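Asker: Sharing input02.csv, CSV, C-alpha atoms:
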```csv
chain,number,residue,atom,x,y,z
B,121,MET,CA,-142.2,137.7,-177.6
B,122,THR,CA,-145.2,136.0,-176.0
B,123,LEU,CA,-145.1,132.7,-174.1
B,124,GLU,CA,-147.8,131.2,-176.4
B,125,ASN,CA,-145.8,132.1,-179.5
B,126,LEU,CA,-142.7,130.4,-178.1
B,127,LEU,CA,-144.7,127.3,-177.5
B,128,TYR,CA,-146.0,127.3,-181.1
B,129,ILE,CA,-142.5,127.8,-182.5
B,130,LEU,CA,-141.3,124.9,-180.3
B,131,VAL,CA,-144.1,122.7,-181.7
B,132,MET,CA,-143.3,123.8,-185.2
B,133,ALA,CA,-139.6,123.1,-184.9
B,134,LEU,CA,-140.1,119.7,-183.2
B,135,THR,CA,-142.6,118.4,-185.7
B,136,THR,CA,-140.4,119.5,-188.6
B,137,TYR,CA,-137.3,117.9,-187.1
B,138,LEU,CA,-139.0,114.6,-186.3
B,139,VAL,CA,-140.4,114.4,-189.8
B,140,ARG,CA,-136.9,114.8,-191.1
B,141,MET,CA,-135.0,112.8,-188.5
B,142,ILE,CA,-137.0,109.5,-188.0
B,143,PRO,CA,-136.9,108.0,-191.5
B,144,PHE,CA,-133.3,109.3,-192.1
B,145,THR,CA,-132.0,107.7,-188.9
B,146,VAL,CA,-134.1,104.5,-188.7
B,147,PHE,CA,-133.9,103.4,-192.4
B,148,ARG,CA,-130.8,101.3,-192.8
B,149,LYS,CA,-131.5,98.8,-195.5
B,150,LYS,CA,-129.9,99.1,-198.9
B,151,ILE,CA,-132.6,99.1,-201.5
B,152,THR,CA,-132.1,96.2,-204.0
B,153,SER,CA,-135.2,96.3,-206.1
B,154,ARG,CA,-134.6,97.9,-209.5
B,155,PHE,CA,-138.0,99.6,-209.5
B,156,ALA,CA,-137.4,101.1,-206.0
B,157,LYS,CA,-133.9,102.3,-207.0
B,158,SER,CA,-135.3,103.9,-210.1
B,159,PHE,CA,-138.0,105.6,-208.1
B,160,PHE,CA,-135.5,107.1,-205.7
B,161,TYR,CA,-133.2,108.1,-208.6
B,162,TYR,CA,-136.0,110.1,-210.2
B,163,ILE,CA,-137.4,111.7,-207.0
B,164,PRO,CA,-135.0,114.7,-206.6
B,165,TYR,CA,-135.6,115.8,-210.2
B,166,ALA,CA,-139.3,115.4,-209.8
B,167,VAL,CA,-139.3,117.4,-206.6
B,168,LEU,CA,-137.4,120.3,-208.2
B,169,ALA,CA,-139.6,120.3,-211.2
B,170,ALA,CA,-142.8,120.3,-209.1
B,171,MET,CA,-141.5,123.1,-206.9
B,172,THR,CA,-140.4,125.3,-209.8
B,173,ILE,CA,-143.4,124.9,-212.2
B,174,PRO,CA,-145.6,126.9,-212.1
B,175,ALA,CA,-144.4,128.7,-208.9
B,176,ILE,CA,-141.5,130.5,-210.8
B,177,PHE,CA,-144.1,132.4,-212.9
B,178,TYR,CA,-145.4,134.1,-209.7
B,179,SER,CA,-142.0,134.6,-208.0
B,180,THR,CA,-141.5,138.2,-209.1
B,181,GLY,CA,-145.0,139.5,-208.9
B,182,ASN,CA,-145.1,140.0,-212.7
B,183,VAL,CA,-145.4,137.0,-215.0
B,184,ILE,CA,-143.6,138.8,-217.9
B,185,SER,CA,-140.5,139.6,-215.9
B,186,ALA,CA,-140.6,136.0,-214.4
B,187,VAL,CA,-140.7,134.5,-218.0
B,188,ALA,CA,-137.7,136.7,-218.9
B,189,GLY,CA,-135.8,135.4,-215.9
B,190,LEU,CA,-136.8,131.8,-216.7
B,191,VAL,CA,-135.6,132.2,-220.3
B,192,VAL,CA,-132.3,133.5,-219.2
B,193,ALA,CA,-131.9,130.8,-216.6
B,194,VAL,CA,-132.7,128.0,-219.1
B,195,ALA,CA,-130.3,129.4,-221.7
B,196,LEU,CA,-127.4,129.7,-219.2
B,197,ALA,CA,-128.2,126.3,-217.6
B,198,PHE,CA,-128.3,124.7,-221.0
B,199,PHE,CA,-124.7,125.6,-221.5
B,200,GLY,CA,-123.8,124.3,-218.0
B,201,LYS,CA,-123.1,127.7,-216.3
B,202,PRO,CA,-122.6,127.5,-212.5
B,203,LEU,CA,-125.7,127.7,-210.2
B,204,ILE,CA,-124.8,131.1,-208.8
B,205,VAL,CA,-124.2,132.7,-212.3
B,206,VAL,CA,-127.6,131.3,-213.5
B,207,ALA,CA,-129.4,132.7,-210.4
B,208,ILE,CA,-127.8,136.2,-210.6
B,209,ALA,CA,-128.4,136.5,-214.3
B,210,ALA,CA,-132.1,135.5,-213.9
B,211,CYS,CA,-132.5,138.1,-211.2
B,212,LEU,CA,-130.9,140.8,-213.4
B,213,ALA,CA,-133.2,139.9,-216.3
B,214,SER,CA,-136.3,139.9,-214.1
B,215,PHE,CA,-135.3,143.2,-212.6
B,216,ALA,CA,-134.6,144.8,-216.1
B,217,VAL,CA,-137.9,143.6,-217.6
B,218,GLY,CA,-139.7,144.6,-214.4
B,219,LEU,CA,-138.7,148.2,-214.9
B,220,ILE,CA,-140.5,148.3,-218.3
B,221,PRO,CA,-144.0,149.7,-217.8
B,222,PHE,CA,-146.4,147.5,-219.8
E,262,MET,CA,-124.2,100.3,-203.2
E,263,LYS,CA,-120.7,101.5,-202.3
E,264,GLN,CA,-119.9,101.6,-198.6
E,265,THR,CA,-116.5,103.3,-199.2
E,266,ASN,CA,-115.6,106.7,-197.7
E,267,SER,CA,-116.9,109.7,-199.5
E,268,PRO,CA,-114.4,111.6,-201.6
E,269,TYR,CA,-116.0,114.9,-200.7
E,270,ARG,CA,-114.7,117.0,-197.8
E,271,TYR,CA,-116.2,119.8,-195.7
E,272,LEU,CA,-114.8,122.4,-198.0
E,273,ASN,CA,-116.4,120.8,-201.1
E,274,GLY,CA,-119.7,120.9,-199.3
E,275,LEU,CA,-119.2,124.5,-198.2
E,276,ARG,CA,-118.5,125.6,-201.8
E,277,ASP,CA,-121.5,123.7,-203.2
E,278,GLY,CA,-123.7,125.3,-200.6
E,279,VAL,CA,-122.8,128.9,-201.3
E,280,PRO,CA,-125.3,129.3,-204.2
E,281,ILE,CA,-128.0,127.7,-202.0
E,282,GLY,CA,-127.1,130.1,-199.2
E,283,LEU,CA,-127.4,133.1,-201.5
E,284,GLY,CA,-130.7,131.9,-202.8
E,285,TYR,CA,-132.0,131.4,-199.2
E,286,LEU,CA,-130.8,134.9,-198.3
E,287,SER,CA,-133.3,136.4,-200.7
E,288,VAL,CA,-136.1,133.9,-199.9
E,289,SER,CA,-135.8,134.3,-196.1
E,290,PHE,CA,-135.5,138.0,-196.5
E,291,GLY,CA,-139.1,137.8,-197.9
E,292,PHE,CA,-140.0,135.5,-195.0
E,293,GLY,CA,-138.7,138.0,-192.5
E,294,ILE,CA,-140.7,140.8,-194.0
E,295,THR,CA,-143.9,138.6,-194.1
E,296,ALA,CA,-143.5,137.3,-190.5
E,297,VAL,CA,-143.0,140.8,-189.0
E,298,GLY,CA,-145.8,142.2,-191.2
E,299,GLN,CA,-148.1,139.6,-189.7
E,300,GLY,CA,-147.4,140.8,-186.2
E,301,LEU,CA,-144.5,138.6,-185.0
E,302,HIS,CA,-141.6,140.0,-183.1
E,303,ILE,CA,-138.2,140.2,-185.0
E,304,LEU,CA,-136.7,137.6,-182.6
E,305,GLU,CA,-139.7,135.3,-183.1
E,306,ALA,CA,-139.2,135.4,-186.9
E,307,LEU,CA,-135.4,134.8,-186.4
E,308,LEU,CA,-136.1,131.9,-184.0
E,309,ILE,CA,-138.5,130.2,-186.4
E,310,SER,CA,-135.9,130.3,-189.2
E,311,MET,CA,-133.1,129.1,-186.9
E,312,THR,CA,-135.1,126.1,-185.7
E,313,ASN,CA,-137.0,125.1,-188.8
E,314,LEU,CA,-134.9,125.8,-191.9
E,315,THR,CA,-137.8,125.4,-194.4
E,316,SER,CA,-139.7,127.9,-196.4
E,317,ALA,CA,-143.2,126.6,-197.1
E,318,GLY,CA,-143.6,125.1,-193.6
E,319,GLN,CA,-142.6,128.4,-191.9
E,320,VAL,CA,-144.9,130.5,-194.0
E,321,ALA,CA,-147.8,128.1,-193.2
E,322,GLY,CA,-146.7,128.1,-189.5
E,323,VAL,CA,-146.9,131.8,-189.2
E,324,THR,CA,-150.3,131.8,-190.8
E,325,VAL,CA,-151.4,129.2,-188.2
E,326,MET,CA,-149.9,131.3,-185.3
E,327,VAL,CA,-151.6,134.6,-186.2
E,328,ALA,CA,-154.9,133.0,-187.2
E,329,GLY,CA,-156.0,132.8,-183.6
E,330,GLY,CA,-158.0,130.1,-181.6
E,331,THR,CA,-157.4,128.2,-178.4
E,332,VAL,CA,-153.9,127.1,-177.6
E,333,ALA,CA,-154.8,123.4,-178.0
E,334,MET,CA,-156.3,124.2,-181.4
E,335,ILE,CA,-153.3,126.1,-182.7
E,336,VAL,CA,-150.9,123.4,-181.5
E,337,ALA,CA,-153.0,120.7,-183.2
E,338,GLU,CA,-153.2,122.7,-186.4
E,339,MET,CA,-149.5,123.4,-186.3
E,340,ILE,CA,-148.6,119.7,-186.0
E,341,LEU,CA,-150.9,118.8,-188.8
E,342,THR,CA,-149.7,121.5,-191.2
E,343,GLN,CA,-146.0,120.9,-190.6
E,344,LEU,CA,-146.5,117.1,-191.0
E,345,ILE,CA,-148.2,117.4,-194.3
E,346,ILE,CA,-146.0,120.2,-195.8
E,347,ASN,CA,-142.8,118.6,-194.6
E,348,LEU,CA,-143.6,115.0,-195.3
E,349,ARG,CA,-141.5,115.3,-198.4
E,350,TYR,CA,-138.4,115.4,-196.1
E,351,SER,CA,-139.2,111.9,-195.0
E,352,LEU,CA,-139.1,110.7,-198.5
E,353,MET,CA,-135.9,112.6,-199.2
E,354,GLY,CA,-134.4,111.2,-196.1
E,355,ILE,CA,-135.0,107.7,-197.2
E,356,THR,CA,-133.7,108.5,-200.6
E,357,LEU,CA,-130.5,110.0,-199.2
E,358,THR,CA,-129.9,107.0,-196.9
E,359,GLN,CA,-129.1,105.1,-200.1
E,360,ARG,CA,-126.4,107.7,-201.0
E,361,LEU,CA,-124.5,107.8,-197.7
E,362,ASP,CA,-121.0,106.5,-196.9
E,363,SER,CA,-120.3,104.3,-193.9
E,364,ASN,CA,-119.2,107.3,-191.7
E,365,CYS,CA,-122.9,108.3,-191.4
E,366,THR,CA,-123.6,106.9,-187.9
E,367,THR,CA,-126.8,107.5,-186.0
E,368,ARG,CA,-125.2,110.4,-184.1
E,369,HIS,CA,-124.3,112.1,-187.3
E,370,ARG,CA,-127.7,111.4,-188.9
E,371,LEU,CA,-129.4,113.1,-185.9
E,372,LEU,CA,-127.6,116.3,-186.8
E,373,MET,CA,-127.6,115.9,-190.6
E,374,SER,CA,-131.3,115.4,-190.7
E,375,PHE,CA,-131.8,119.0,-189.3
E,376,GLY,CA,-130.3,120.3,-192.6
E,377,MET,CA,-132.5,118.3,-194.9
E,378,THR,CA,-134.0,120.9,-197.2
E,379,ASP,CA,-135.2,120.5,-200.8
E,380,GLU,CA,-132.1,122.1,-202.2
E,381,ILE,CA,-129.5,120.5,-199.9
E,382,PHE,CA,-131.1,117.2,-200.5
E,383,ALA,CA,-131.1,117.7,-204.3
E,384,LEU,CA,-127.4,118.6,-204.4
E,385,ALA,CA,-126.4,115.8,-202.0
E,386,ALA,CA,-128.5,113.2,-203.8
E,387,SER,CA,-127.2,114.2,-207.2
E,388,LYS,CA,-123.4,113.8,-206.4
E,389,PRO,CA,-121.8,110.9,-208.4
E,390,TYR,CA,-120.3,109.3,-205.2
E,391,PRO,CA,-121.8,108.7,-201.8
E,392,VAL,CA,-121.7,111.6,-199.4
E,393,GLY,CA,-120.4,111.6,-195.8
E,394,PRO,CA,-121.1,113.8,-192.7
E,395,SER,CA,-118.3,116.3,-193.4
E,396,TYR,CA,-119.5,117.1,-196.9
E,397,PHE,CA,-123.1,117.3,-195.6
E,398,TYR,CA,-122.2,119.7,-192.8
E,399,GLY,CA,-120.3,121.8,-195.3
E,400,LEU,CA,-123.3,121.8,-197.5
E,401,MET,CA,-125.5,122.9,-194.6
E,402,THR,CA,-123.3,125.8,-193.5
E,403,ALA,CA,-123.9,128.6,-196.0
E,404,PRO,CA,-127.7,127.8,-196.4
E,405,TYR,CA,-128.1,128.0,-192.6
E,406,ILE,CA,-126.3,131.3,-192.3
E,407,GLY,CA,-128.1,132.6,-195.4
E,408,TRP,CA,-131.5,131.5,-194.1
E,409,ALA,CA,-131.1,132.9,-190.6
E,410,GLY,CA,-129.3,136.0,-191.8
E,411,GLY,CA,-131.8,136.8,-194.5
E,412,THR,CA,-134.7,136.4,-192.1
E,413,LEU,CA,-133.1,138.9,-189.6
E,414,LEU,CA,-132.3,141.4,-192.4
E,415,GLY,CA,-135.8,141.1,-193.8
E,416,ALA,CA,-137.4,141.5,-190.4
E,417,LEU,CA,-135.1,144.4,-189.4
E,418,ALA,CA,-135.0,146.4,-192.6
E,419,GLY,CA,-137.7,145.2,-195.0
E,420,GLN,CA,-138.2,148.7,-196.4
E,421,ILE,CA,-134.5,149.4,-197.3
E,422,LEU,CA,-134.5,147.7,-200.6
E,423,PRO,CA,-136.8,149.2,-203.2
E,424,MET,CA,-139.7,147.0,-204.1
E,425,SER,CA,-138.4,146.4,-207.7
E,426,VAL,CA,-135.2,144.8,-206.3
E,427,ARG,CA,-137.1,142.7,-203.7
E,428,LEU,CA,-139.4,141.4,-206.4
E,429,ALA,CA,-136.6,140.5,-208.8
E,430,LEU,CA,-134.8,138.5,-206.0
E,431,GLY,CA,-137.8,136.3,-205.8
E,432,ILE,CA,-136.7,134.3,-208.9
E,433,ALA,CA,-133.2,133.5,-207.6
E,434,ILE,CA,-134.1,130.2,-205.9
E,435,TYR,CA,-136.1,128.9,-208.9
E,436,ALA,CA,-133.4,129.9,-211.4
E,437,MET,CA,-131.1,127.7,-209.2
E,438,PHE,CA,-133.5,124.8,-209.5
E,439,VAL,CA,-133.4,125.2,-213.3
E,440,ALA,CA,-129.6,125.2,-213.3
E,441,ILE,CA,-129.6,121.9,-211.2
E,442,VAL,CA,-132.1,119.9,-213.4
E,443,LEU,CA,-131.2,121.2,-216.9
E,444,PRO,CA,-127.8,119.4,-217.5
E,445,PRO,CA,-129.1,115.9,-216.5
E,446,MET,CA,-132.3,116.6,-218.6
E,447,ARG,CA,-130.1,117.1,-221.6
E,448,ARG,CA,-128.2,113.9,-221.1
E,449,GLU,CA,-131.0,111.5,-220.0
E,450,ARG,CA,-134.4,111.0,-221.6
E,451,GLY,CA,-135.7,109.6,-218.3
E,452,VAL,CA,-134.8,112.7,-216.3
E,453,LEU,CA,-136.4,114.9,-219.1
E,454,MET,CA,-139.6,112.9,-218.9
E,455,VAL,CA,-139.8,112.9,-215.1
E,456,VAL,CA,-139.4,116.6,-215.1
E,457,ALA,CA,-142.1,117.1,-217.7
E,458,ILE,CA,-144.5,114.8,-215.9
E,459,ALA,CA,-143.9,116.4,-212.5
E,460,ALA,CA,-144.2,120.0,-213.9
E,461,GLY,CA,-147.4,119.1,-215.8
E,462,LEU,CA,-149.1,117.6,-212.8
E,463,SER,CA,-148.0,120.5,-210.7
E,464,CYS,CA,-149.8,122.8,-213.2
E,465,LEU,CA,-152.9,120.7,-213.2
E,466,ILE,CA,-153.1,120.8,-209.3
E,467,ARG,CA,-152.6,124.6,-209.4
E,468,TYR,CA,-155.1,125.4,-212.2
E,469,LEU,CA,-157.9,122.8,-212.1
E,470,PRO,CA,-160.6,124.2,-209.8
E,471,PHE,CA,-161.5,120.8,-208.3
E,472,LEU,CA,-157.8,120.2,-207.3
E,473,GLN,CA,-157.4,123.5,-205.5
E,474,PHE,CA,-157.9,121.9,-202.1
E,475,ILE,CA,-154.4,120.4,-202.3
E,476,SER,CA,-151.9,122.7,-200.5
E,477,ASP,CA,-148.6,123.8,-202.1
E,478,GLY,CA,-146.5,121.6,-199.8
E,479,PHE,CA,-148.7,118.5,-200.4
E,480,SER,CA,-148.8,119.1,-204.2
E,481,ILE,CA,-145.0,118.7,-204.4
E,482,ILE,CA,-145.2,115.3,-202.8
E,483,VAL,CA,-148.1,114.1,-204.9
E,484,CYS,CA,-146.5,115.3,-208.2
E,485,ALA,CA,-143.0,113.9,-207.3
E,486,ILE,CA,-144.3,110.5,-206.3
E,487,ILE,CA,-146.6,110.0,-209.3
E,488,ALA,CA,-143.9,111.2,-211.8
E,489,SER,CA,-141.2,109.1,-210.3
E,490,LEU,CA,-143.4,106.0,-210.1
E,491,VAL,CA,-144.4,106.4,-213.7
E,492,MET,CA,-140.8,106.8,-214.9
E,493,ALA,CA,-139.5,103.9,-212.6
E,494,TRP,CA,-142.0,101.7,-214.4
E,495,LEU,CA,-141.5,103.1,-217.9
E,496,LYS,CA,-137.7,103.6,-217.8
E,497,PRO,CA,-136.0,101.8,-214.9
E,498,ILE,CA,-132.4,102.9,-214.5
E,499,GLU,CA,-129.6,100.6,-215.7
E,500,GLU,CA,-128.4,98.3,-212.9
E,501,LYS,CA,-124.7,99.3,-213.3
E,502,GLU,CA,-125.5,103.0,-213.1
E,503,GLY,CA,-125.3,104.6,-209.7
E,504,ILE,CA,-127.9,107.0,-208.4
E,505,GLY,CA,-127.0,110.5,-209.3
E,506,ASP,CA,-125.0,112.4,-211.8
E,507,ASP,CA,-122.2,115.0,-211.9
E,508,THR,CA,-124.2,118.1,-211.0
```
Let me see the file written as structure tokens.

Answerer:
Amino acid sequence: MTLENLLYILVMALTTYLVRMIPFTVFRKKITSRFAKSFFYYIPYAVLAAMTIPAIFYSTGNVISAVAGLVVAVALAFFGKPLIVVAIAACLASFAVGLIPF
Amino acid sequence: MKQTNSPYRYLNGLRDGVPIGLGYLSVSFGFGITAVGQGLHILEALLISMTNLTSAGQVAGVTVMVAGGTVAMIVAEMILTQLIINLRYSLMGITLTQRLDSNCTTRHRLLMSFGMTDEIFALAASKPYPVGPSYFYGLMTAPYIGWAGGTLLGALAGQILPMSVRLALGIAIYAMFVAIVLPPMRRERGVLMVVAIAAGLSCLIRYLPFLQFISDGFSIIVCAIIASLVMAWLKPIEEKEGIGDDT
């Protein structure tokens, strides 16, 4: 542990915290505009989609095993299986396909 | 919007947070390996995870730390990277203020905001009723333990798990995202379309050569804002409908 690194970690943590804290604590109004309400309704889904595609294809170091995991995840999620079941099944599928030498 | 007390308790949140915690365990395991591999001390890696609780920002932060330069330069770069990559949490924070019950005082918000991650936000914001501090703290618990614990394990014993297992674990968190968005996508055309637009834009930014300058953290904000603006304009939600669904 160096003193410089501690300083950098402190700066990192403080910046991250302030970015999270200020709008969350200061913003008190209830949004009444229908457009704004709709915008905030869609944001979480849009964030998840943008984080997942295309990153999921590179998440296992092998596009083919990642596609196998994605297919399994979509199939199970389609039938409303719990998050943890979907996640474990996708890992198992990626692991199994990853063992196949292409 | 309802100002009533949230129906969700600490234990409801704790249970909802377990899959996130397990997902984080595998992701932060990878972070632990990376951080130590780049020359950080095990305790530094752990300290970063315990004080930041964010994946993209931490990976970028380590990159800045080990890149070298004067102290002032590194501090400036650190502030700028963290600001840009984590700006989405500001947007999420404002979104979530619309979904809070009346127990969420300033004191609680100061603590709750520390746990604002993409996944915790997505779960809290997609509950059918407003959430309160107890539920949110419950929701933060398992992810925090998973994130810190995974970092420590990864930093300590990165070589214990065979490569094939470590690689397969990488998909866990994304599979969870799929499980969160798919049920509402089936029910609502608006959600289906916003997901399609955001995913499409995300691919454009990733693959078009002249858009390569946009960082991964910033890309998420750009895609999410454009897709949500388009859909809020094309298909505004019904006034009687609350924000969220029964995920």

Asker: Residues of chain B within 7 Å of chain E, using all atoms listed in the file, as a PyMOL selection string?

Answerer: chain B and resi 121+128-129+131-133+135-137+139-141+143-145+147+150+154-155+158-174+176+179-181+186+190+193-194+197-198+200+203-204+206-208+210-211+214-215

Asker: Would you compute the distance between CA of Gly278 in chain E and CA of Lys201 in chain B? Give it in Å to one decimal.

Answerer: 15.9 Å

Asker: Given only C-alpha atoms as the basis, pick out the residue of B:Leu134, B:Val205, B:Ile151, B:Leu212 nearest to Gly189 in chain B.

Answerer: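 Under the stated criterion, the closest residue is B:Leu212.
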
Asker: Contacts of Ala416 in chain E at 9 Å or less, counting all atoms listed in the file, minus same-chain residues fewer than 2 places along, as a PDB file with C-alpha atoms, in the frame of the given file?

Answerer:
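Heads up, here's the output in around.pdb:
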```
ATOM      1  CA  PHE E 290    -135.500 138.000-196.500  1.00  0.00           C
ATOM      2  CA  GLY E 291    -139.100 137.800-197.900  1.00  0.00           C
ATOM      3  CA  PHE E 292    -140.000 135.500-195.000  1.00  0.00           C
ATOM      4  CA  GLY E 293    -138.700 138.000-192.500  1.00  0.00           C
ATOM      5  CA  ILE E 294    -140.700 140.800-194.000  1.00  0.00           C
ATOM      6  CA  THR E 295    -143.900 138.600-194.100  1.00  0.00           C
ATOM      7  CA  ALA E 296    -143.500 137.300-190.500  1.00  0.00           C
ATOM      8  CA  VAL E 297    -143.000 140.800-189.000  1.00  0.00           C
ATOM      9  CA  GLY E 298    -145.800 142.200-191.200  1.00  0.00           C
ATOM     10  CA  HIS E 302    -141.600 140.000-183.100  1.00  0.00           C
ATOM     11  CA  ILE E 303    -138.200 140.200-185.000  1.00  0.00           C
ATOM     12  CA  LEU E 304    -136.700 137.600-182.600  1.00  0.00           C
ATOM     13  CA  ALA E 306    -139.200 135.400-186.900  1.00  0.00           C
ATOM     14  CA  LEU E 307    -135.400 134.800-186.400  1.00  0.00           C
ATOM     15  CA  GLY E 411    -131.800 136.800-194.500  1.00  0.00           C
ATOM     16  CA  THR E 412    -134.700 136.400-192.100  1.00  0.00           C
ATOM     17  CA  LEU E 413    -133.100 138.900-189.600  1.00  0.00           C
ATOM     18  CA  LEU E 414    -132.300 141.400-192.400  1.00  0.00           C
ATOM     19  CA  ALA E 418    -135.000 146.400-192.600  1.00  0.00           C
ATOM     20  CA  GLY E 419    -137.700 145.200-195.000  1.00  0.00           C
TER      21      GLY E 419
END
```

Asker: Would you mind reading off the distance between CA of Ala409 in chain E and CA of Pro423 in chain E, one decimal, in Å?

Answerer: 21.4 Å

Asker: Mind pulling up the distance from CA of Val183 in chain B to CA of Phe471 in chain E?

Answerer: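 A separation of 23.8 Å between them.
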